[in-house]
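*Asks:* upload.pdb is reproduced in full below (PDB, C-alpha atoms).
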```
MODEL        1
ATOM      1  CA  MET A 987      32.553  -9.669   3.584
ATOM      2  CA  ALA A 988      30.325  -9.307   6.625
ATOM      3  CA  ILE A 989      30.339  -6.771   9.397
ATOM      4  CA  ILE A 990      30.138  -6.943  13.166
ATOM      5  CA  SER A 991      27.653  -4.306  14.255
ATOM      6  CA  ARG A 992      25.977  -2.871  17.287
ATOM      7  CA  LYS A 993      22.650  -3.045  15.444
ATOM      8  CA  GLN A 994      20.733  -5.215  13.034
ATOM      9  CA  LEU A 995      21.702  -4.133   9.542
ATOM     10  CA  PRO A 996      19.734  -4.566   6.323
ATOM     11  CA  LEU A 997      20.845  -6.590   3.309
ATOM     12  CA  TRP A 998      21.454  -3.994   0.624
ATOM     13  CA  ARG A 999      23.733  -5.577  -1.979
ATOM     14  CA  SER A1000      21.882  -3.782  -4.775
ATOM     15  CA  MET A1001      19.886  -0.561  -4.443
ATOM     16  CA  LEU A1002      18.239   0.674  -7.630
ATOM     17  CA  PHE A1003      17.296   4.330  -8.008
ATOM     18  CA  VAL A1004      13.726   4.841  -9.243
ATOM     19  CA  PRO A1005      12.420   8.294 -10.290
ATOM     20  CA  THR A1006       9.303   8.714  -8.154
ATOM     21  CA  ASN A1007       7.401  10.589 -10.849
ATOM     22  CA  VAL A1008       7.895   8.093 -13.709
ATOM     23  CA  LYS A1009       5.082   5.575 -13.394
ATOM     24  CA  LYS A1010       6.495   3.003 -15.803
ATOM     25  CA  PHE A1011       9.719   2.794 -13.773
ATOM     26  CA  VAL A1012       7.774   2.536 -10.523
ATOM     27  CA  GLU A1013       5.655  -0.271 -11.953
ATOM     28  CA  SER A1014       8.579  -2.233 -13.388
ATOM     29  CA  ALA A1015      10.928  -1.803 -10.431
ATOM     30  CA  PRO A1016       9.846  -4.918  -8.484
ATOM     31  CA  THR A1017      10.805  -7.133 -11.444
ATOM     32  CA  ARG A1018      14.447  -5.976 -11.391
ATOM     33  CA  GLY A1019      15.594  -8.170  -8.502
ATOM     34  CA  ALA A1020      17.233  -5.512  -6.321
ATOM     35  CA  ASP A1021      17.462  -5.867  -2.553
ATOM     36  CA  ALA A1022      16.213  -2.301  -2.209
ATOM     37  CA  TYR A1023      14.727   0.494  -4.287
ATOM     38  CA  ILE A1024      15.480   4.169  -3.754
ATOM     39  CA  LEU A1025      12.578   6.408  -4.708
ATOM     40  CA  ASP A1026      14.299   9.582  -5.798
ATOM     41  CA  LEU A1027      13.085  13.048  -4.925
ATOM     42  CA  GLU A1028      16.461  14.651  -5.613
ATOM     43  CA  ASP A1029      18.679  14.673  -8.707
ATOM     44  CA  SER A1030      16.420  12.834 -11.159
ATOM     45  CA  ILE A1031      13.438  15.106 -10.429
ATOM     46  CA  PRO A1032      13.245  18.576 -12.057
ATOM     47  CA  VAL A1033      12.560  21.421  -9.643
ATOM     48  CA  SER A1034       9.202  22.049 -11.296
ATOM     49  CA  GLU A1035       8.106  18.483 -10.498
ATOM     50  CA  LYS A1036       9.417  18.163  -6.937
ATOM     51  CA  ALA A1037       6.086  18.909  -5.249
ATOM     52  CA  ASP A1038       4.121  16.471  -7.410
ATOM     53  CA  SER A1039       6.750  13.762  -6.911
ATOM     54  CA  ARG A1040       6.610  14.287  -3.163
ATOM     55  CA  SER A1041       2.854  13.713  -3.216
ATOM     56  CA  MET A1042       3.369  10.403  -5.071
ATOM     57  CA  VAL A1043       6.022   8.920  -2.822
ATOM     58  CA  ARG A1044       3.883   6.843  -0.433
ATOM     59  CA  GLU A1045       1.812   5.260  -3.194
ATOM     60  CA  ALA A1046       5.008   4.581  -5.159
ATOM     61  CA  ALA A1047       6.571   2.955  -2.095
ATOM     62  CA  ALA A1048       3.678   0.519  -1.790
ATOM     63  CA  ARG A1049       4.100  -0.429  -5.445
ATOM     64  CA  VAL A1050       7.865  -0.882  -5.612
ATOM     65  CA  GLY A1051       7.950  -2.781  -2.334
ATOM     66  CA  ARG A1052       5.122  -5.168  -3.118
ATOM     67  CA  THR A1053       7.441  -8.161  -3.589
ATOM     68  CA  GLY A1054       9.232  -7.643  -0.278
ATOM     69  CA  ALA A1055      12.203  -5.481  -1.230
ATOM     70  CA  ASP A1056      13.177  -2.598   1.036
ATOM     71  CA  VAL A1057      12.119   0.900  -0.013
ATOM     72  CA  LEU A1058      14.098   4.058   0.710
ATOM     73  CA  VAL A1059      13.524   7.662  -0.326
ATOM     74  CA  ARG A1060      16.340  10.015  -1.322
ATOM     75  CA  ILE A1061      15.352  13.423  -0.030
ATOM     76  CA  ASN A1062      16.630  16.858  -1.045
ATOM     77  CA  ARG A1063      19.312  18.843   0.791
ATOM     78  CA  PRO A1064      18.035  22.428   1.134
ATOM     79  CA  TRP A1065      16.345  22.383   4.542
ATOM     80  CA  ARG A1066      12.989  23.736   3.401
ATOM     81  CA  MET A1067      12.747  20.899   0.882
ATOM     82  CA  SER A1068      14.243  18.356   3.282
ATOM     83  CA  VAL A1069      11.522  18.895   5.870
ATOM     84  CA  ARG A1070       8.757  18.543   3.293
ATOM     85  CA  ASP A1071      10.367  15.413   1.876
ATOM     86  CA  ILE A1072      10.756  13.853   5.320
ATOM     87  CA  GLU A1073       7.146  14.551   6.258
ATOM     88  CA  ALA A1074       5.993  13.010   2.973
ATOM     89  CA  SER A1075       8.229   9.950   3.319
ATOM     90  CA  VAL A1076       7.571   8.678   6.839
ATOM     91  CA  ASP A1077       5.445   5.645   6.131
ATOM     92  CA  ALA A1078       5.132   1.977   7.065
ATOM     93  CA  ASN A1079       6.289   0.987   3.548
ATOM     94  CA  ILE A1080       9.443   3.146   3.666
ATOM     95  CA  CYS A1081      12.266   1.787   5.811
ATOM     96  CA  ALA A1082      14.876   4.514   5.402
ATOM     97  CA  LEU A1083      15.790   7.926   4.073
ATOM     98  CA  MET A1084      18.834   8.391   1.875
ATOM     99  CA  VAL A1085      20.185  11.755   2.985
ATOM    100  CA  PRO A1086      22.411  13.575   0.483
ATOM    101  CA  LYS A1087      25.054  16.149   1.338
ATOM    102  CA  VAL A1088      25.178  15.344   5.032
ATOM    103  CA  SER A1089      27.365  18.003   6.604
ATOM    104  CA  ASP A1090      27.988  16.830  10.174
ATOM    105  CA  ALA A1091      26.517  14.899  13.095
ATOM    106  CA  ALA A1092      24.215  17.838  13.939
ATOM    107  CA  HIS A1093      22.635  17.480  10.503
ATOM    108  CA  ILE A1094      21.739  13.877  11.331
ATOM    109  CA  GLN A1095      20.440  14.809  14.770
ATOM    110  CA  ALA A1096      18.134  17.445  13.293
ATOM    111  CA  ILE A1097      16.640  14.886  10.922
ATOM    112  CA  VAL A1098      16.250  12.408  13.787
ATOM    113  CA  GLU A1099      14.277  15.004  15.759
ATOM    114  CA  ILE A1100      11.860  15.445  12.858
ATOM    115  CA  LEU A1101      11.538  11.681  12.406
ATOM    116  CA  ASP A1102      10.784  11.213  16.103
ATOM    117  CA  GLU A1103       7.876  13.657  15.854
ATOM    118  CA  VAL A1104       6.406  12.432  12.576
ATOM    119  CA  GLU A1105       6.657   8.732  13.461
ATOM    120  CA  GLY A1106       4.821   9.466  16.702
ATOM    121  CA  GLU A1107       2.087  11.338  14.855
ATOM    122  CA  ARG A1108       1.625   8.443  12.413
ATOM    123  CA  GLY A1109       1.644   5.657  14.970
ATOM    124  CA  LEU A1110       4.908   4.134  13.802
ATOM    125  CA  GLU A1111       7.438   2.586  16.147
ATOM    126  CA  ASN A1112      10.107   5.079  17.125
ATOM    127  CA  GLY A1113      13.191   4.318  15.039
ATOM    128  CA  HIS A1114      11.236   2.729  12.174
ATOM    129  CA  THR A1115      12.812   5.080   9.634
ATOM    130  CA  LYS A1116      16.556   4.471   9.260
ATOM    131  CA  ILE A1117      19.120   6.802   7.689
ATOM    132  CA  PHE A1118      21.571   6.203   4.843
ATOM    133  CA  ALA A1119      24.072   9.072   4.980
ATOM    134  CA  MET A1120      25.809  10.343   1.857
ATOM    135  CA  ILE A1121      29.156  12.127   2.170
ATOM    136  CA  GLU A1122      29.409  14.486  -0.802
ATOM    137  CA  THR A1123      31.663  17.381   0.186
ATOM    138  CA  THR A1124      35.256  17.753   1.305
ATOM    139  CA  ALA A1125      34.054  19.395   4.534
ATOM    140  CA  ALA A1126      31.815  16.428   5.395
ATOM    141  CA  TYR A1127      34.653  14.047   4.587
ATOM    142  CA  PHE A1128      36.437  15.153   7.768
ATOM    143  CA  ASN A1129      33.256  14.555   9.800
ATOM    144  CA  ALA A1130      32.563  11.080   8.430
ATOM    145  CA  THR A1131      33.222   9.140  11.640
ATOM    146  CA  GLU A1132      31.030  11.451  13.727
ATOM    147  CA  ILE A1133      28.275  11.274  11.109
ATOM    148  CA  ALA A1134      28.358   7.473  11.059
ATOM    149  CA  MET A1135      28.070   7.384  14.859
ATOM    150  CA  ALA A1136      25.575  10.253  15.194
ATOM    151  CA  ASN A1137      22.512   8.126  15.952
ATOM    152  CA  ASP A1138      21.361   4.506  15.932
ATOM    153  CA  ARG A1139      19.056   5.295  13.002
ATOM    154  CA  VAL A1140      22.147   5.582  10.783
ATOM    155  CA  VAL A1141      22.623   2.148   9.195
ATOM    156  CA  ALA A1142      24.641   2.913   6.035
ATOM    157  CA  MET A1143      27.000   5.434   4.504
ATOM    158  CA  ASN A1144      28.688   6.032   1.176
ATOM    159  CA  LEU A1145      30.697   8.577  -0.758
ATOM    160  CA  GLY A1146      28.706  10.463  -3.389
ATOM    161  CA  SER A1147      31.479  10.347  -5.958
ATOM    162  CA  GLU A1148      30.216  12.906  -8.467
ATOM    163  CA  ASP A1149      29.417  15.627  -5.938
ATOM    164  CA  PHE A1150      32.505  14.882  -3.867
ATOM    165  CA  ALA A1151      34.741  15.142  -6.930
ATOM    166  CA  LEU A1152      33.123  18.473  -7.774
ATOM    167  CA  SER A1153      33.716  19.703  -4.230
ATOM    168  CA  ALA A1154      37.348  18.562  -4.438
ATOM    169  CA  GLY A1155      37.909  20.143  -7.845
ATOM    170  CA  MET A1156      38.857  16.848  -9.468
ATOM    171  CA  LEU A1157      37.403  14.458 -11.991
ATOM    172  CA  PRO A1158      35.365  11.484 -10.657
ATOM    173  CA  GLU A1159      38.060   8.976 -11.549
ATOM    174  CA  GLY A1160      39.482   6.050  -9.620
ATOM    175  CA  GLU A1161      42.860   7.621  -8.986
ATOM    176  CA  GLY A1162      41.412  10.524  -7.006
ATOM    177  CA  LEU A1163      38.455   8.692  -5.471
ATOM    178  CA  PHE A1164      40.362   5.680  -4.130
ATOM    179  CA  GLN A1165      41.456   7.163  -0.822
ATOM    180  CA  PRO A1166      38.255   9.137  -0.051
ATOM    181  CA  THR A1167      36.070   6.108  -0.787
ATOM    182  CA  LEU A1168      38.146   3.912   1.517
ATOM    183  CA  HIS A1169      38.040   6.599   4.206
ATOM    184  CA  ILE A1170      34.239   6.473   4.191
ATOM    185  CA  MET A1171      34.344   2.669   4.290
ATOM    186  CA  PHE A1172      36.630   2.746   7.338
ATOM    187  CA  ALA A1173      34.372   5.277   9.078
ATOM    188  CA  ALA A1174      31.342   3.093   8.416
ATOM    189  CA  ARG A1175      33.117  -0.023   9.668
ATOM    190  CA  ALA A1176      34.260   1.783  12.813
ATOM    191  CA  ALA A1177      30.648   2.745  13.514
ATOM    192  CA  GLY A1178      29.315  -0.744  12.799
ATOM    193  CA  ILE A1179      27.160   0.324   9.865
ATOM    194  CA  LEU A1180      27.014  -0.742   6.215
ATOM    195  CA  PRO A1181      29.888   0.510   4.041
ATOM    196  CA  LEU A1182      28.328   0.967   0.606
ATOM    197  CA  GLY A1183      29.645   2.034  -2.771
ATOM    198  CA  PHE A1184      32.614   1.422  -5.040
ATOM    199  CA  ILE A1185      35.538   3.361  -6.426
ATOM    200  CA  GLY A1186      34.431   5.308  -9.473
ATOM    201  CA  SER A1187      31.427   7.095 -10.905
ATOM    202  CA  VAL A1188      27.922   5.679 -10.587
ATOM    203  CA  ALA A1189      27.049   7.351 -13.897
ATOM    204  CA  GLU A1190      28.960   4.768 -15.973
ATOM    205  CA  TYR A1191      26.746   1.741 -16.540
ATOM    206  CA  ARG A1192      26.918   0.644 -20.180
ATOM    207  CA  ASP A1193      30.218  -1.238 -19.902
ATOM    208  CA  ARG A1194      29.136  -4.231 -17.810
ATOM    209  CA  ASP A1195      32.599  -5.800 -17.705
ATOM    210  CA  LYS A1196      34.123  -2.589 -16.392
ATOM    211  CA  PHE A1197      31.355  -2.225 -13.834
ATOM    212  CA  ARG A1198      31.758  -5.840 -12.684
ATOM    213  CA  ALA A1199      35.499  -5.322 -12.208
ATOM    214  CA  ARG A1200      34.820  -2.286 -10.047
ATOM    215  CA  ILE A1201      32.321  -4.171  -7.912
ATOM    216  CA  GLN A1202      34.698  -7.107  -7.516
ATOM    217  CA  GLN A1203      37.310  -4.633  -6.300
ATOM    218  CA  ALA A1204      34.783  -3.075  -3.896
ATOM    219  CA  ALA A1205      33.903  -6.469  -2.426
ATOM    220  CA  ARG A1206      37.591  -7.280  -1.905
ATOM    221  CA  LEU A1207      38.071  -3.942  -0.160
ATOM    222  CA  GLY A1208      35.251  -4.529   2.316
ATOM    223  CA  PHE A1209      32.169  -2.882   0.818
ATOM    224  CA  LEU A1210      28.859  -4.730   1.197
ATOM    225  CA  GLY A1211      26.658  -3.247  -1.527
ATOM    226  CA  SER A1212      25.979  -0.225  -3.665
ATOM    227  CA  ALA A1213      23.324   1.983  -5.164
ATOM    228  CA  CYS A1214      22.949   1.865  -8.948
ATOM    229  CA  ILE A1215      21.136   3.864 -11.595
ATOM    230  CA  HIS A1216      20.265   1.194 -14.167
ATOM    231  CA  PRO A1217      18.660  -2.280 -14.013
ATOM    232  CA  LEU A1218      21.631  -3.675 -15.979
ATOM    233  CA  GLN A1219      23.735  -3.216 -12.858
ATOM    234  CA  VAL A1220      21.493  -5.063 -10.388
ATOM    235  CA  ASP A1221      22.487  -8.652 -11.172
ATOM    236  CA  ILE A1222      26.188  -7.753 -11.071
ATOM    237  CA  LEU A1223      25.804  -6.199  -7.627
ATOM    238  CA  ASN A1224      23.864  -9.184  -6.309
ATOM    239  CA  GLU A1225      26.396 -11.658  -7.672
ATOM    240  CA  GLU A1226      29.581  -9.889  -6.630
ATOM    241  CA  PHE A1227      28.394  -8.944  -3.142
ATOM    242  CA  THR A1228      27.426 -12.575  -2.483
ATOM    243  CA  PRO A1229      30.184 -14.911  -1.239
ATOM    244  CA  SER A1230      31.187 -17.423  -3.917
ATOM    245  CA  GLU A1231      30.564 -21.141  -3.478
ATOM    246  CA  GLU A1232      34.327 -21.578  -3.184
ATOM    247  CA  ALA A1233      34.540 -19.035  -0.372
ATOM    248  CA  VAL A1234      31.619 -20.632   1.450
ATOM    249  CA  GLY A1235      33.090 -24.126   1.140
ATOM    250  CA  GLN A1236      36.491 -22.984   2.328
ATOM    251  CA  SER A1237      34.947 -21.138   5.281
ATOM    252  CA  ARG A1238      33.071 -24.239   6.381
ATOM    253  CA  ALA A1239      36.196 -26.365   6.078
ATOM    254  CA  ILE A1240      38.272 -23.907   8.104
ATOM    255  CA  ILE A1241      35.704 -23.792  10.891
ATOM    256  CA  ALA A1242      35.442 -27.590  10.909
ATOM    257  CA  ALA A1243      39.228 -27.970  11.100
ATOM    258  CA  TYR A1244      39.363 -25.482  13.945
ATOM    259  CA  GLY A1245      36.600 -27.317  15.799
ATOM    260  CA  THR A1246      38.393 -30.649  15.431
ATOM    261  CA  ALA A1247      41.643 -29.194  16.724
ATOM    262  CA  LYS A1248      39.956 -27.684  19.771
ATOM    263  CA  ALA A1249      38.194 -30.983  20.542
ATOM    264  CA  GLU A1250      41.568 -32.727  20.460
ATOM    265  CA  GLY A1251      43.089 -30.162  22.779
ATOM    266  CA  ARG A1252      45.371 -28.627  20.155
ATOM    267  CA  GLY A1253      46.028 -24.917  20.225
ATOM    268  CA  SER A1254      47.400 -24.625  16.702
ATOM    269  CA  VAL A1255      45.458 -25.501  13.578
ATOM    270  CA  GLU A1256      46.736 -26.088  10.057
ATOM    271  CA  TYR A1257      44.553 -25.964   6.947
ATOM    272  CA  GLU A1258      45.869 -26.519   3.423
ATOM    273  CA  GLY A1259      49.425 -25.835   4.520
ATOM    274  CA  LYS A1260      48.622 -22.625   6.405
ATOM    275  CA  MET A1261      48.269 -21.948  10.087
ATOM    276  CA  ILE A1262      44.794 -20.807  11.111
ATOM    277  CA  ASP A1263      44.500 -18.053  13.714
ATOM    278  CA  GLU A1264      41.569 -16.190  15.264
ATOM    279  CA  PRO A1265      41.137 -13.505  12.555
ATOM    280  CA  ILE A1266      40.876 -16.210   9.873
ATOM    281  CA  ILE A1267      38.223 -18.052  11.911
ATOM    282  CA  ARG A1268      36.235 -14.874  12.430
ATOM    283  CA  ARG A1269      36.430 -14.026   8.726
ATOM    284  CA  ALA A1270      35.102 -17.504   7.889
ATOM    285  CA  GLU A1271      32.259 -17.057  10.374
ATOM    286  CA  GLN A1272      31.383 -13.716   8.820
ATOM    287  CA  VAL A1273      31.215 -15.255   5.347
ATOM    288  CA  LEU A1274      28.766 -17.888   6.581
ATOM    289  CA  ALA A1275      26.698 -15.299   8.441
ATOM    290  CA  ARG A1276      26.489 -13.265   5.241
ATOM    291  CA  VAL A1277      25.247 -16.290   3.306
ATOM    292  CA  GLU A1278      22.609 -16.993   5.960
ATOM    293  CA  LEU A1279      21.346 -13.426   5.645
ATOM    294  CA  ILE A1280      21.158 -13.694   1.860
ATOM    295  CA  ASP A1281      19.405 -17.090   2.038
ATOM    296  CA  ALA A1282      16.879 -15.691   4.513
ATOM    297  CA  ARG A1283      16.027 -12.871   2.097
ATOM    298  CA  ALA A1284      15.550 -15.358  -0.757
ATOM    299  CA  SER A1285      13.263 -17.678   1.206
TER     300      SER A1285
ENDMDL
END
```
Do you think you could lay out the structure here as structure tokens?
*Replies:*
Amino acid sequence: MAIISRKQLPLWRSMLFVPTNVKKFVESAPTRGADAYILDLEDSIPVSEKADSRSMVREAAARVGRTGADVLVRINRPWRMSVRDIEASVDANICALMVPKVSDAAHIQAIVEILDEVEGERGLENGHTKIFAMIETTAAYFNATEIAMANDRVVAMNLGSEDFALSAGMLPEGEGLFQPTLHIMFAARAAGILPLGFIGSVAEYRDRDKFRARIQQAARLGFLGSACIHPLQVDILNEEFTPSEEAVGQSRAIIAAYGTAKAEGRGSVEYEGKMIDEPIIRRAEQVLARVELIDARAS
């Protein structure tokens, strides 16, 4: 469930979208228990309210992040709006931008150039603002690996299922989204960044059992978290992207058995009737590292 990375990655099991211009949602967000909150300037904001929402984003970030959760901002895609959104969102209380409809590595590099300038102007450490890249078109799908590796600011990537399905001319259903979603996960893993998301549409949230089954599948397939649109989804994400007590106990036992065998000079190790090899040991170590990260966030 964990990932070996070239950089320190955040813990984003659950990421709840919050409309920046709806004060009651901004105020209640910190009580929802998410690892991160995404202040939205894109799809949930009408065009007529984009400018006002942009002016609210820094104050909203201070409010939703007051209990220690990470705060991101989802910016808009048209470049004229993107630049305004970026300039409004570079702030000490905002750790990352969620960038929709990323087209290629050059798109990321252009945003990095703007971030370099604005962070310098505001006295922030260079690299403070990370990037969560969203792959939402069939053209970008073929550039996913290059996008994931475009810059060290990129720490996460997912498939925007609704927009991708529209671009592909298909319905946002599991059958069609299975392979593209896994492709993005593999690209993220290859780049050492967070693979986020699940197979299916983020718009379905009322059926909690169905949603839980999808998140369980995502965790088995190697995803580490997901964005969500409703507070009802947060606890499911946190639970299913946390290693179970059984998995933790088994991982500790495997590592202990391996350590005993090495101390006795044995090259082969057996645990519960199965031979233990290096990939199994590393997987157990990753489970324990994941738990340590989660415990550190809770403390």
*Asks:* Please expand the PyMOL selection byres ((chain A and resi 1256-1272) around 12) into the concrete residues it hits in this file, giving the result as number ranges by chain.
*Replies:* A: 987-991, 1208, 1229, 1232-1248, 1252-1255, 1273-1279
*Asks:* Once you have the residues from the selection above, write them out as a CSV table (one decimal), keeping the file's coordinate frame, restricted to C-alpha atoms.
*Replies:*
```
chain,number,residue,atom,x,y,z
A,987,MET,CA,32.6,-9.7,3.6
A,988,ALA,CA,30.3,-9.3,6.6
A,989,ILE,CA,30.3,-6.8,9.4
A,990,ILE,CA,30.1,-6.9,13.2
A,991,SER,CA,27.7,-4.3,14.3
A,1208,GLY,CA,35.3,-4.5,2.3
A,1229,PRO,CA,30.2,-14.9,-1.2
A,1232,GLU,CA,34.3,-21.6,-3.2
A,1233,ALA,CA,34.5,-19.0,-0.4
A,1234,VAL,CA,31.6,-20.6,1.4
A,1235,GLY,CA,33.1,-24.1,1.1
A,1236,GLN,CA,36.5,-23.0,2.3
A,1237,SER,CA,34.9,-21.1,5.3
A,1238,ARG,CA,33.1,-24.2,6.4
A,1239,ALA,CA,36.2,-26.4,6.1
A,1240,ILE,CA,38.3,-23.9,8.1
A,1241,ILE,CA,35.7,-23.8,10.9
A,1242,ALA,CA,35.4,-27.6,10.9
A,1243,ALA,CA,39.2,-28.0,11.1
A,1244,TYR,CA,39.4,-25.5,13.9
A,1245,GLY,CA,36.6,-27.3,15.8
A,1246,THR,CA,38.4,-30.6,15.4
A,1247,ALA,CA,41.6,-29.2,16.7
A,1248,LYS,CA,40.0,-27.7,19.8
A,1252,ARG,CA,45.4,-28.6,20.2
A,1253,GLY,CA,46.0,-24.9,20.2
A,1254,SER,CA,47.4,-24.6,16.7
A,1255,VAL,CA,45.5,-25.5,13.6
A,1273,VAL,CA,31.2,-15.3,5.3
A,1274,LEU,CA,28.8,-17.9,6.6
A,1275,ALA,CA,26.7,-15.3,8.4
A,1276,ARG,CA,26.5,-13.3,5.2
A,1277,VAL,CA,25.2,-16.3,3.3
A,1278,GLU,CA,22.6,-17.0,6.0
A,1279,LEU,CA,21.3,-13.4,5.6
```
*Asks:* Just say which residues the PyMOL selection byres ((chain A and resi 1014) around 12) picks in this file, as a list in words.
*Replies:*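 Matching residues under the PyMOL selection byres ((chain A and resi 1014) around 12) are Leu1002, Val1004, Pro1005, Val1008, Lys1009, Lys1010, Phe1011, Val1012, Glu1013, Ala1015, Pro1016, Thr1017, Arg1018, Gly1019, Ala1020, Tyr1023, Ala1046, Arg1049, Val1050, Gly1051, Arg1052, Thr1053 and Pro1217 of chain A.
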*Asks:* Quick one: of A:Asp1071, A:Glu1190, A:Glu1132, A:Glu1035, who's nearest to His1216 (chain A), counting all atoms listed in the file?
*Replies:*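 Of A:Asp1071, A:Glu1190, A:Glu1132, A:Glu1035, the one nearest His1216 (chain A) is A:Glu1190, counting all atoms listed in the file.
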*Asks:* Pick from A:Asp1281, A:Glu1231, A:Glu1073, A:Asp1038: nearest to Glu1103 (chain A), with all atoms listed in the file counted?
*Replies:* A:Glu1073
*Asks:* CA of Tyr1127 (chain A) and CA of Ile1170 (chain A) are how many Å apart?
*Replies:* 7.6 Å
*Asks:* Between A:Leu1058, A:Ala1213, A:Ile1201, A:Met1120, single out the one closest to Glu1226 (chain A), counting only C-alpha atoms.
*Replies:*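 Comparing A:Leu1058, A:Ala1213, A:Ile1201, A:Met1120 against Glu1226 (chain A), the winner is A:Ile1201.
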*Asks:* Check which residues satisfy the PyMOL selection byres ((chain A and resi 1098) around 10) in the file shown, then give them as a ChimeraX atom specification.
*Replies:* /A:1092-1097,1099-1104,1113,1115-1117,1136-1140
*Asks:* Please, what distance in Å, to one decimal, runs between CA of Asn1224 (chain A) and CA of Phe1197 (chain A)?
*Replies:*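 If I compute the distance from CA of Asn1224 (chain A) to CA of Phe1197 (chain A), I get 12.7 Å.
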*Asks:* Looking at all atoms listed in the file, which of A:Tyr1191, A:His1114, A:Gly1106, A:Ile1061 is the one that sits closest to Ala1078 (chain A)?
*Replies:* A:His1114
*Asks:* Using Å and a single decimal, report how far CA of Asn1007 (chain A) sits from CA of Pro1086 (chain A).
*Replies:*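 Atom-to-atom, CA of Pro1086 (chain A) and CA of Asn1007 (chain A) are spaced 19.0 Å apart.
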*Asks:* Out of A:Arg1040, A:Ser1153, A:Asn1129, A:Ser1089, which residue has the shortest atom-to-atom distance to Glu1028 (chain A) when counting only C-alpha atoms?
*Replies:*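 Once distances to Glu1028 (chain A) are computed over only C-alpha atoms, the minimum belongs to A:Arg1040.
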*Asks:* I'd like the contact shell of region 1166-1169 of chain A - 10 Å cut-off, only C-alpha atoms, skipping same-chain residues fewer than 6 positions apart - returned as a PyMOL selection string.
*Replies:* chain A and resi 1121+1124+1127-1128+1130-1131+1144-1147+1150-1151+1160+1175+1181-1186+1204+1207-1209
*Asks:* With 8 Å of padding per side, what axis-aligned box (centre and edge lengths, Å, one decimal) covers all the listed atoms of region 1187-1198 of chain A? Give it as lines of an AutoDock Vina configuration file.
*Replies:*
```
center_x = 30.4
center_y = 0.8
center_z = -15.4
size_x = 23.4
size_y = 29.2
size_z = 25.6
```
*Asks:* Out of A:Ala1134, A:Ala1173, A:Leu1163, A:Ala1082, which residue has the shortest atom-to-atom distance to Asp1149 (chain A) when counting all atoms listed in the file?
*Replies:*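 Of the candidates, the smallest distance to Asp1149 (chain A) is held by A:Leu1163.
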